[in-house]
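Here is the structure we will look at.
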Amino acid sequence: MTAAIDRAAVDAWWATTGVPTLEEFVRIEAVSPSFDPGWQERGGLDAIVDAVAAWLGSRDDAPTITVSRIEGRTPLLLAQTPGSTTDAPNVLFYGHLDKQPEGTGWTVTTPWEPVVRDGRLYGRGSADDAYAPLAAWGAIEAARATGAPMPSCTILLEASEESSSVDLPAHLDALAEQIGTPDVVICLDAFSPDDRRVWSTSSLRGIVVMDVTVQVLTQAAHSGDAGSVVPSPFRVMRQLFDRLEDASTGRVLLDGLYTTPPATLPGIVEGMVGAGLHSPMEDFPLVDGIVPEHAALVDQFVHRAWDPAIAYAGMDGFPSTASAASVILPTISTRLSVRIPPDLDPAVAAAVLSDALTADAPSGAAVTVDLIAAQGGFSAPLLAPGLEAALHAASQAHFGETAGFFAAGVTIPFMGMLGDRFPGTQVLTLGALGPGSNPHSADESLDLRAAAALTAAVAQVLVTGL
Ligand SMILES: [Zn+2]
């Protein structure tokens, strides 16, 4: 089937409807709950859910709106529109309305005052992820305008994504019947490593966060008196770290934290390299002379996609150097943030880590582990040939190149939950977080051309891919 999406109409829709509506959403200080304990009193999350509901409700042939509210949790919005026939496929769109806190260092505008400059809309939440309801509904309107048969569509917009989607499972449980079983999920919250094609994320790593505490004394001891006699808690901690990873290479040593990558991974990585993606090293503010953990680009992409990786993200128990006395410290703690393979059960990973850290404590130290969070990754099932072909054609038509598949290193908690709840569902993990969009940072912005192209491409998939 050929594309019948009127691209000029989609571009015009973004200029006249998308931009002013997104500006309204950017102005709402909808900071995610983990950054704002007073979110309920401040009301930003309720305000943005109400604003999006009002906008969707104002459209022609408006969807049926459900706002799910559960005591003590952030709200969730469902917008549903029936398919052309009762057996039409079910499409579930995902996005989130909560935002990162404002942060510092903004130069183009202030976080809550949207500005359009050089084709980009600046402001907190513009790209992550307040454009999602616009791209989803814009695609539905563009698809409807073709006159083709429509799938049944549900747009799910949650408000706790930036807080690890803590409130999402409760809403999914409460709304299970209403959501049903989607045939295709279109996530509109992913990175796009370049703006030359539609990228669909094929896998995401999971994450385990835990604190490990080592105690050797009940209070600090003079290091001249106790040194050479009392074991240092830092040395004990180093021994524990040495159980987790090879200090000279960074390779994680625990076999239980590895899985065998799927047979499709080499092809996906080949596609990433073939598309001209640069080394991830170029994305980070490295100091001179830093050597990558893997030299070849292919290896960087493969290991980032499927290897465990440990970050030592915080430490307690140490005074600052300026106020440090010559003592052996009594108790120290380290926050471990461990990325895990996409298909590894996070509870299993947490147990593997905890067992390694607490077995047979060095020097008889008291070692305790507190699990902070454990979230699964995601490995997309193979796309049905028809859907994959439609995605390539839509990308070719609206970006100029066929679609790409991206094996990511990051975690999107929703995608892990989705894989667990709907194991056979087809998934397109798309997004407008392209180069220069600076999510979570200063000068966050949405590339309006890319947003319109993505909207048109999704519309085309709706009418040709299902
Ligand atoms: Zn996001």
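Residue numbers start at 1 in each chain; chains themselves are named A, B, ... in the order of the structure tokens; ligands are numbered from 1 in the order shown.
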
If you count only C-alpha atoms and all ligand atoms, which residues end up within 8 Å of ligand 1, as a tab-separated table (two decimals) with C-alpha atoms, in the first residue's frame?
chain	number	residue	atom	x	y	z
A	95	GLY	CA	4.43	8.86	26.88
A	96	HIS	CA	4.91	10.69	30.17
A	99	LYS	CA	9.43	16.29	34.02
A	127	ALA	CA	11.44	16.85	24.24
A	128	ASP	CA	11.13	14.68	27.36
A	129	ASP	CA	8.30	14.02	27.01
A	161	GLU	CA	8.45	8.11	34.61
A	162	GLU	CA	11.30	10.32	35.82
A	189	ASP	CA	10.02	8.57	24.79
A	190	ALA	CA	13.22	7.18	23.30
A	439	PRO	CA	16.96	16.04	28.06

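Using only C-alpha atoms, the residues found no farther than 9 Å from Val327 in chain A, other than those of its own chain fewer than 3 positions away, are Ala220, Ala221, His222, Ser223, Gly224, Ala226, Gly227, Ala324 and Pro330 of chain A.
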
Within 12 Å of range 423-429 of chain A: each range 64-175 of chain A residue with its shortest pair, only C-alpha atoms, as JSON lines:
{"residue": "A:Pro89", "atom": "CA", "partner": "A:Thr425", "partner_atom": "CA", "distance": 11.4}
{"residue": "A:Asn90", "atom": "CA", "partner": "A:Thr425", "partner_atom": "CA", "distance": 10.2}
{"residue": "A:Val91", "atom": "CA", "partner": "A:Gln426", "partner_atom": "CA", "distance": 9.6}
{"residue": "A:Leu92", "atom": "CA", "partner": "A:Val427", "partner_atom": "CA", "distance": 9.5}
{"residue": "A:Phe93", "atom": "CA", "partner": "A:Leu428", "partner_atom": "CA", "distance": 9.6}
{"residue": "A:Tyr94", "atom": "CA", "partner": "A:Thr429", "partner_atom": "CA", "distance": 9.3}
{"residue": "A:Gly95", "atom": "CA", "partner": "A:Thr429", "partner_atom": "CA", "distance": 10.8}

Write the residues of the selection above to a file with all heavy atoms, as a PDB file, in the first residue's frame.
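Result file out-v9.pdb:
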ATOM      1  N   PRO A  89      -6.888  -3.918  14.916  1.00  0.00           N
ATOM      2  CA  PRO A  89      -5.797  -4.108  15.869  1.00  0.00           C
ATOM      3  C   PRO A  89      -5.772  -3.011  16.937  1.00  0.00           C
ATOM      4  O   PRO A  89      -6.286  -1.911  16.728  1.00  0.00           O
ATOM      5  CB  PRO A  89      -4.539  -4.046  14.989  1.00  0.00           C
ATOM      6  CG  PRO A  89      -4.961  -3.526  13.669  1.00  0.00           C
ATOM      7  CD  PRO A  89      -6.431  -3.721  13.541  1.00  0.00           C
ATOM      8  N   ASN A  90      -5.175  -3.363  18.071  1.00  0.00           N
ATOM      9  CA  ASN A  90      -5.068  -2.454  19.214  1.00  0.00           C
ATOM     10  C   ASN A  90      -3.688  -1.823  19.246  1.00  0.00           C
ATOM     11  O   ASN A  90      -2.688  -2.528  19.328  1.00  0.00           O
ATOM     12  CB  ASN A  90      -5.158  -3.279  20.503  1.00  0.00           C
ATOM     13  CG  ASN A  90      -6.530  -3.230  21.093  1.00  0.00           C
ATOM     14  OD1 ASN A  90      -7.218  -2.217  20.986  1.00  0.00           O
ATOM     15  ND2 ASN A  90      -6.927  -4.320  21.725  1.00  0.00           N
ATOM     16  N   VAL A  91      -3.637  -0.509  19.228  1.00  0.00           N
ATOM     17  CA  VAL A  91      -2.343   0.180  19.341  1.00  0.00           C
ATOM     18  C   VAL A  91      -2.313   0.934  20.666  1.00  0.00           C
ATOM     19  O   VAL A  91      -3.263   1.636  21.012  1.00  0.00           O
ATOM     20  CB  VAL A  91      -2.136   1.164  18.169  1.00  0.00           C
ATOM     21  CG1 VAL A  91      -0.842   1.950  18.350  1.00  0.00           C
ATOM     22  CG2 VAL A  91      -2.123   0.418  16.844  1.00  0.00           C
ATOM     23  N   LEU A  92      -1.234   0.769  21.408  1.00  0.00           N
ATOM     24  CA  LEU A  92      -1.048   1.502  22.669  1.00  0.00           C
ATOM     25  C   LEU A  92       0.128   2.460  22.510  1.00  0.00           C
ATOM     26  O   LEU A  92       1.257   2.038  22.241  1.00  0.00           O
ATOM     27  CB  LEU A  92      -0.750   0.517  23.808  1.00  0.00           C
ATOM     28  CG  LEU A  92      -0.415   1.136  25.173  1.00  0.00           C
ATOM     29  CD1 LEU A  92      -1.623   1.840  25.776  1.00  0.00           C
ATOM     30  CD2 LEU A  92       0.103   0.071  26.141  1.00  0.00           C
ATOM     31  N   PHE A  93      -0.156   3.757  22.624  1.00  0.00           N
ATOM     32  CA  PHE A  93       0.909   4.759  22.636  1.00  0.00           C
ATOM     33  C   PHE A  93       1.329   5.009  24.078  1.00  0.00           C
ATOM     34  O   PHE A  93       0.474   5.071  24.971  1.00  0.00           O
ATOM     35  CB  PHE A  93       0.415   6.092  22.061  1.00  0.00           C
ATOM     36  CG  PHE A  93       0.152   6.087  20.585  1.00  0.00           C
ATOM     37  CD1 PHE A  93      -1.113   5.765  20.095  1.00  0.00           C
ATOM     38  CD2 PHE A  93       1.146   6.414  19.687  1.00  0.00           C
ATOM     39  CE1 PHE A  93      -1.372   5.779  18.736  1.00  0.00           C
ATOM     40  CE2 PHE A  93       0.902   6.435  18.322  1.00  0.00           C
ATOM     41  CZ  PHE A  93      -0.359   6.112  17.838  1.00  0.00           C
ATOM     42  N   TYR A  94       2.617   5.204  24.287  1.00  0.00           N
ATOM     43  CA  TYR A  94       3.105   5.519  25.633  1.00  0.00           C
ATOM     44  C   TYR A  94       3.876   6.842  25.622  1.00  0.00           C
ATOM     45  O   TYR A  94       4.714   7.090  24.744  1.00  0.00           O
ATOM     46  CB  TYR A  94       4.053   4.422  26.140  1.00  0.00           C
ATOM     47  CG  TYR A  94       4.793   4.842  27.408  1.00  0.00           C
ATOM     48  CD1 TYR A  94       4.201   4.691  28.651  1.00  0.00           C
ATOM     49  CD2 TYR A  94       6.059   5.422  27.340  1.00  0.00           C
ATOM     50  CE1 TYR A  94       4.861   5.102  29.813  1.00  0.00           C
ATOM     51  CE2 TYR A  94       6.728   5.828  28.486  1.00  0.00           C
ATOM     52  CZ  TYR A  94       6.122   5.670  29.720  1.00  0.00           C
ATOM     53  OH  TYR A  94       6.775   6.088  30.857  1.00  0.00           O
ATOM     54  N   GLY A  95       3.625   7.655  26.636  1.00  0.00           N
ATOM     55  CA  GLY A  95       4.431   8.856  26.878  1.00  0.00           C
ATOM     56  C   GLY A  95       4.301   9.237  28.337  1.00  0.00           C
ATOM     57  O   GLY A  95       3.536   8.617  29.088  1.00  0.00           O
TER      58      GLY A  95
END

Inset, instruction - Per DSSP on the backbone, filter range 107-342 of chain A down to the residues in strand (DSSP E) and report them as a VMD selection string. - result: chain A and resid 115 to 117 120 to 122 152 to 158 184 to 188 199 to 204 206 to 215 221 to 222 309 to 316 327 to 328 331 to 340

Inset, instruction - Point out the residue among A:Ala347, A:Val216, A:Ala145, A:Val291 with the least atom-to-atom distance to Leu329 in chain A, counting only C-alpha atoms. - result: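 That would be A:Val216, the residue with the smallest distance to Leu329 in chain A.
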
Legend entry - Within 10 Å of Ala452 in chain A using only C-alpha atoms, minus same-chain residues under 4 positions, as a PyMOL selection string: chain A and resi 7-15+18+134-135+138-139+398+432+447-448+456-458

For N, CA, C and O atoms, I'd like the residues from the last selection saved as a PDB file, in the first residue's frame.
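Heads up, here's the output in selection.pdb:
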ATOM      1  N   ARG A   7       1.929  15.117   4.115  1.00  0.00           N
ATOM      2  CA  ARG A   7       3.012  15.638   4.951  1.00  0.00           C
ATOM      3  C   ARG A   7       2.908  17.149   5.172  1.00  0.00           C
ATOM      4  O   ARG A   7       3.161  17.660   6.272  1.00  0.00           O
ATOM      5  N   ALA A   8       2.508  17.861   4.118  1.00  0.00           N
ATOM      6  CA  ALA A   8       2.383  19.322   4.268  1.00  0.00           C
ATOM      7  C   ALA A   8       1.340  19.653   5.329  1.00  0.00           C
ATOM      8  O   ALA A   8       1.513  20.595   6.122  1.00  0.00           O
ATOM      9  N   ALA A   9       0.284  18.831   5.383  1.00  0.00           N
ATOM     10  CA  ALA A   9      -0.748  19.078   6.390  1.00  0.00           C
ATOM     11  C   ALA A   9      -0.213  18.794   7.796  1.00  0.00           C
ATOM     12  O   ALA A   9      -0.547  19.499   8.753  1.00  0.00           O
ATOM     13  N   VAL A  10       0.617  17.768   7.918  1.00  0.00           N
ATOM     14  CA  VAL A  10       1.199  17.463   9.235  1.00  0.00           C
ATOM     15  C   VAL A  10       2.131  18.595   9.669  1.00  0.00           C
ATOM     16  O   VAL A  10       2.105  19.029  10.832  1.00  0.00           O
ATOM     17  N   ASP A  11       2.942  19.096   8.743  1.00  0.00           N
ATOM     18  CA  ASP A  11       3.830  20.216   9.085  1.00  0.00           C
ATOM     19  C   ASP A  11       3.010  21.438   9.512  1.00  0.00           C
ATOM     20  O   ASP A  11       3.350  22.117  10.484  1.00  0.00           O
ATOM     21  N   ALA A  12       1.931  21.700   8.765  1.00  0.00           N
ATOM     22  CA  ALA A  12       1.089  22.849   9.105  1.00  0.00           C
ATOM     23  C   ALA A  12       0.409  22.642  10.459  1.00  0.00           C
ATOM     24  O   ALA A  12       0.267  23.574  11.260  1.00  0.00           O
ATOM     25  N   TRP A  13       0.017  21.400  10.732  1.00  0.00           N
ATOM     26  CA  TRP A  13      -0.615  21.074  12.012  1.00  0.00           C
ATOM     27  C   TRP A  13       0.342  21.375  13.169  1.00  0.00           C
ATOM     28  O   TRP A  13      -0.042  21.960  14.183  1.00  0.00           O
ATOM     29  N   TRP A  14       1.604  20.984  12.978  1.00  0.00           N
ATOM     30  CA  TRP A  14       2.574  21.265  14.045  1.00  0.00           C
ATOM     31  C   TRP A  14       2.754  22.769  14.248  1.00  0.00           C
ATOM     32  O   TRP A  14       2.844  23.248  15.377  1.00  0.00           O
ATOM     33  N   ALA A  15       2.800  23.520  13.128  1.00  0.00           N
ATOM     34  CA  ALA A  15       3.028  24.965  13.242  1.00  0.00           C
ATOM     35  C   ALA A  15       1.859  25.661  13.937  1.00  0.00           C
ATOM     36  O   ALA A  15       2.066  26.548  14.776  1.00  0.00           O
ATOM     37  N   GLY A  18       0.432  22.158  17.121  1.00  0.00           N
ATOM     38  CA  GLY A  18       1.426  21.493  17.961  1.00  0.00           C
ATOM     39  C   GLY A  18       2.230  22.466  18.796  1.00  0.00           C
ATOM     40  O   GLY A  18       2.345  22.304  20.024  1.00  0.00           O
ATOM     41  N   LEU A 134       1.049  15.094  21.644  1.00  0.00           N
ATOM     42  CA  LEU A 134       0.862  15.787  20.362  1.00  0.00           C
ATOM     43  C   LEU A 134       1.258  14.889  19.201  1.00  0.00           C
ATOM     44  O   LEU A 134       0.553  14.810  18.190  1.00  0.00           O
ATOM     45  N   ALA A 135       2.389  14.209  19.334  1.00  0.00           N
ATOM     46  CA  ALA A 135       2.814  13.327  18.249  1.00  0.00           C
ATOM     47  C   ALA A 135       1.822  12.179  18.072  1.00  0.00           C
ATOM     48  O   ALA A 135       1.492  11.795  16.949  1.00  0.00           O
ATOM     49  N   GLY A 138      -1.588  13.750  16.891  1.00  0.00           N
ATOM     50  CA  GLY A 138      -1.344  14.293  15.553  1.00  0.00           C
ATOM     51  C   GLY A 138      -1.270  13.181  14.520  1.00  0.00           C
ATOM     52  O   GLY A 138      -1.790  13.307  13.407  1.00  0.00           O
ATOM     53  N   ALA A 139      -0.626  12.067  14.896  1.00  0.00           N
ATOM     54  CA  ALA A 139      -0.529  10.931  13.982  1.00  0.00           C
ATOM     55  C   ALA A 139      -1.902  10.314  13.740  1.00  0.00           C
ATOM     56  O   ALA A 139      -2.241   9.940  12.606  1.00  0.00           O
ATOM     57  N   HIS A 398       9.483  10.106   5.162  1.00  0.00           N
ATOM     58  CA  HIS A 398       9.429  11.332   5.962  1.00  0.00           C
ATOM     59  C   HIS A 398      10.773  11.794   6.507  1.00  0.00           C
ATOM     60  O   HIS A 398      10.906  12.921   6.974  1.00  0.00           O
ATOM     61  N   ALA A 432      11.777  11.550  19.857  1.00  0.00           N
ATOM     62  CA  ALA A 432      12.344  12.749  19.241  1.00  0.00           C
ATOM     63  C   ALA A 432      13.486  13.303  20.083  1.00  0.00           C
ATOM     64  O   ALA A 432      13.838  14.471  19.958  1.00  0.00           O
ATOM     65  N   ASP A 447      13.309  19.364  18.422  1.00  0.00           N
ATOM     66  CA  ASP A 447      13.505  19.696  17.015  1.00  0.00           C
ATOM     67  C   ASP A 447      12.134  19.564  16.338  1.00  0.00           C
ATOM     68  O   ASP A 447      11.623  18.455  16.170  1.00  0.00           O
ATOM     69  N   LEU A 448      11.544  20.704  15.978  1.00  0.00           N
ATOM     70  CA  LEU A 448      10.160  20.687  15.483  1.00  0.00           C
ATOM     71  C   LEU A 448      10.036  19.989  14.134  1.00  0.00           C
ATOM     72  O   LEU A 448       9.024  19.348  13.849  1.00  0.00           O
ATOM     73  N   ALA A 456       4.336  12.188  11.173  1.00  0.00           N
ATOM     74  CA  ALA A 456       3.885  11.708   9.856  1.00  0.00           C
ATOM     75  C   ALA A 456       4.265  10.241   9.662  1.00  0.00           C
ATOM     76  O   ALA A 456       3.474   9.452   9.124  1.00  0.00           O
ATOM     77  N   ALA A 457       5.465   9.877  10.099  1.00  0.00           N
ATOM     78  CA  ALA A 457       5.905   8.485   9.936  1.00  0.00           C
ATOM     79  C   ALA A 457       5.030   7.544  10.762  1.00  0.00           C
ATOM     80  O   ALA A 457       4.648   6.463  10.304  1.00  0.00           O
ATOM     81  N   VAL A 458       4.699   7.960  11.996  1.00  0.00           N
ATOM     82  CA  VAL A 458       3.829   7.117  12.833  1.00  0.00           C
ATOM     83  C   VAL A 458       2.452   6.994  12.186  1.00  0.00           C
ATOM     84  O   VAL A 458       1.864   5.916  12.148  1.00  0.00           O
TER      85      VAL A 458
END

Legend entry - 8 Å contact set for range 23-33 of chain A, only C-alpha atoms, chain neighbours under 3 positions out, as a PyMOL selection string: chain A and resi 19-20+36-39+43-45+47-48+51-52+74+97-101+112-115+123-126+130+159-163

Output file for the residues above (N, CA and C atoms, as a tab-separated table (two decimals), in the first residue's frame):
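Produced file part.tsv, reproduced below:
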chain	number	residue	atom	x	y	z
A	19	VAL	N	2.76	23.50	18.15
A	19	VAL	CA	3.66	24.41	18.87
A	19	VAL	C	2.95	25.16	20.00
A	20	PRO	N	1.84	25.86	19.71
A	20	PRO	CA	1.20	26.58	20.82
A	20	PRO	C	0.72	25.66	21.95
A	36	ASP	N	10.38	16.24	44.00
A	36	ASP	CA	9.52	17.23	44.63
A	36	ASP	C	8.56	16.55	45.61
A	37	PRO	N	9.02	16.38	46.86
A	37	PRO	CA	8.16	15.71	47.85
A	37	PRO	C	6.82	16.45	48.03
A	38	GLY	N	6.79	17.74	47.71
A	38	GLY	CA	5.54	18.50	47.86
A	38	GLY	C	4.72	18.55	46.59
A	39	TRP	N	4.88	17.57	45.71
A	39	TRP	CA	4.21	17.64	44.39
A	39	TRP	C	2.71	17.69	44.51
A	43	GLY	N	0.69	20.72	42.87
A	43	GLY	CA	-0.36	20.48	41.86
A	43	GLY	C	0.07	20.49	40.40
A	44	GLY	N	1.37	20.53	40.14
A	44	GLY	CA	1.82	20.61	38.74
A	44	GLY	C	1.46	19.38	37.92
A	45	LEU	N	1.55	18.22	38.53
A	45	LEU	CA	1.27	16.99	37.78
A	45	LEU	C	-0.22	16.89	37.46
A	47	ALA	N	-2.11	19.45	37.13
A	47	ALA	CA	-2.39	20.53	36.17
A	47	ALA	C	-2.04	20.09	34.75
A	48	ILE	N	-0.91	19.39	34.58
A	48	ILE	CA	-0.55	19.03	33.20
A	48	ILE	C	-1.45	17.90	32.69
A	51	ALA	N	-4.56	19.63	31.66
A	51	ALA	CA	-4.38	20.42	30.44
A	51	ALA	C	-4.36	19.52	29.21
A	52	VAL	N	-3.67	18.39	29.31
A	52	VAL	CA	-3.61	17.47	28.16
A	52	VAL	C	-4.98	16.86	27.92
A	74	THR	N	0.78	9.56	41.66
A	74	THR	CA	0.60	10.51	40.57
A	74	THR	C	-0.51	10.02	39.65
A	97	LEU	N	4.16	12.68	31.29
A	97	LEU	CA	3.93	14.12	31.44
A	97	LEU	C	4.73	14.72	32.58
A	98	ASP	N	5.30	13.89	33.46
A	98	ASP	CA	6.16	14.44	34.51
A	98	ASP	C	7.50	14.82	33.90
A	99	LYS	N	8.20	15.73	34.59
A	99	LYS	CA	9.43	16.29	34.02
A	99	LYS	C	10.56	16.23	35.04
A	100	GLN	N	11.75	16.36	34.51
A	100	GLN	CA	12.92	16.57	35.36
A	100	GLN	C	12.81	17.95	36.04
A	101	PRO	N	13.51	18.14	37.17
A	101	PRO	CA	13.52	19.49	37.76
A	101	PRO	C	14.21	20.49	36.83
A	112	TRP	N	10.68	27.23	32.33
A	112	TRP	CA	9.21	27.15	32.23
A	112	TRP	C	8.66	28.20	31.27
A	113	GLU	N	9.52	28.85	30.50
A	113	GLU	CA	9.06	29.84	29.53
A	113	GLU	C	9.49	29.39	28.13
A	114	PRO	N	8.59	28.74	27.39
A	114	PRO	CA	8.97	28.18	26.10
A	114	PRO	C	9.37	29.27	25.10
A	115	VAL	N	10.35	28.94	24.27
A	115	VAL	CA	10.79	29.83	23.21
A	115	VAL	C	11.10	28.97	21.99
A	123	GLY	N	12.51	24.50	26.38
A	123	GLY	CA	11.78	24.55	27.65
A	123	GLY	C	11.75	23.17	28.28
A	124	ARG	N	11.58	23.12	29.61
A	124	ARG	CA	11.61	21.83	30.32
A	124	ARG	C	10.42	20.97	29.91
A	125	GLY	N	10.72	19.76	29.51
A	125	GLY	CA	9.67	18.83	29.11
A	125	GLY	C	9.34	18.87	27.62
A	126	SER	N	9.93	19.82	26.88
A	126	SER	CA	9.57	19.94	25.46
A	126	SER	C	9.86	18.64	24.70
A	130	ALA	N	6.77	15.92	26.89
A	130	ALA	CA	5.44	16.52	26.76
A	130	ALA	C	4.96	16.61	25.31
A	159	ALA	N	2.69	9.85	34.90
A	159	ALA	CA	3.29	11.04	35.51
A	159	ALA	C	4.34	10.67	36.57
A	160	SER	N	4.95	9.49	36.43
A	160	SER	CA	6.03	9.15	37.38
A	160	SER	C	7.24	8.55	36.68
A	161	GLU	N	7.37	8.77	35.35
A	161	GLU	CA	8.45	8.11	34.61
A	161	GLU	C	9.82	8.54	35.11
A	162	GLU	N	9.98	9.83	35.38
A	162	GLU	CA	11.30	10.32	35.82
A	162	GLU	C	11.58	9.89	37.26
A	163	SER	N	10.62	9.25	37.89
A	163	SER	CA	10.80	8.65	39.22
A	163	SER	C	10.71	7.13	39.09

Inset, instruction - Between A:Leu277, A:Ala136, A:Val461, A:Ala374, single out the one closest to Leu344 in chain A, counting only C-alpha atoms. - result: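 The closest residue to Leu344 in chain A is A:Ala374.
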
Legend entry - Interatomic distance, CA of Met237 in chain A to CA of Gln375 in chain A (Å, one decimal): 25.0 Å

Inset, instruction - Have a look at CA of Leu204 in chain A and CA of Gly377 in chain A and let me know their distance in Å, one decimal. - result: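 Computed distance, CA of Leu204 in chain A to CA of Gly377 in chain A, equals 5.1 Å.
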